[in-house]
Amino acid sequence: MGDFKDVQVQFTEGEPFLEIIQMAKKESVDLIVMGTHGRTGLDHVLFGSTAEKVVRRSSCPVLTVRLPGRKFTMP
């Protein structure tokens, strides 16, 4: 993982946002970093946003990063 210290990669099954939040609490993480697809409109309503749910419910800071190739557009 490059020059970073104390980085872990975890794989698990379940509801993504819940698993992310539970693992963060269990491991006492300092920061959650996750990509976002930047969905808007009907896509956002139908699929929701894992990143948004994590940001709203996490007890630690969450840094979201727009994935390469995704552009922000105003509806």
# chains A, B, ... in the order shown; residues from 1 in each chain; ligands from 1
>>> residues_around(residues="Pro61 in chain A", least_positions_apart="4", cutoff="9 Å", atoms="only C-alpha atoms", output="list in words")
Asp30, Leu31, Ile32, Val33 and Val55 of chain A
>>> residues_around(residues="Thr12 in chain A", least_positions_apart="5", cutoff="10 Å", atoms="only C-alpha atoms", output="VMD selection string")
chain A and resid 19 to 20 23
>>> atom_distance(atom1="CA of Glu13 in chain A", atom2="CA of Arg66 in chain A")
23.8 Å
>>> atom_distance(atom1="CA of Leu63 in chain A", atom2="CA of Gln10 in chain A")
17.6 Å
>>> atom_distance(atom1="CA of Thr50 in chain A", atom2="CA of Val9 in chain A")
17.6 Å
>>> closest_residue(among="A:Val54, A:Pro68, A:Thr36, A:Ser28", to="Pro16 in chain A", atoms="only C-alpha atoms")
A:Val54
>>> closest_residue(among="A:Gly14, A:Cys60, A:Val65, A:Phe4", to="Lys26 in chain A", atoms="only C-alpha atoms")
A:Cys60
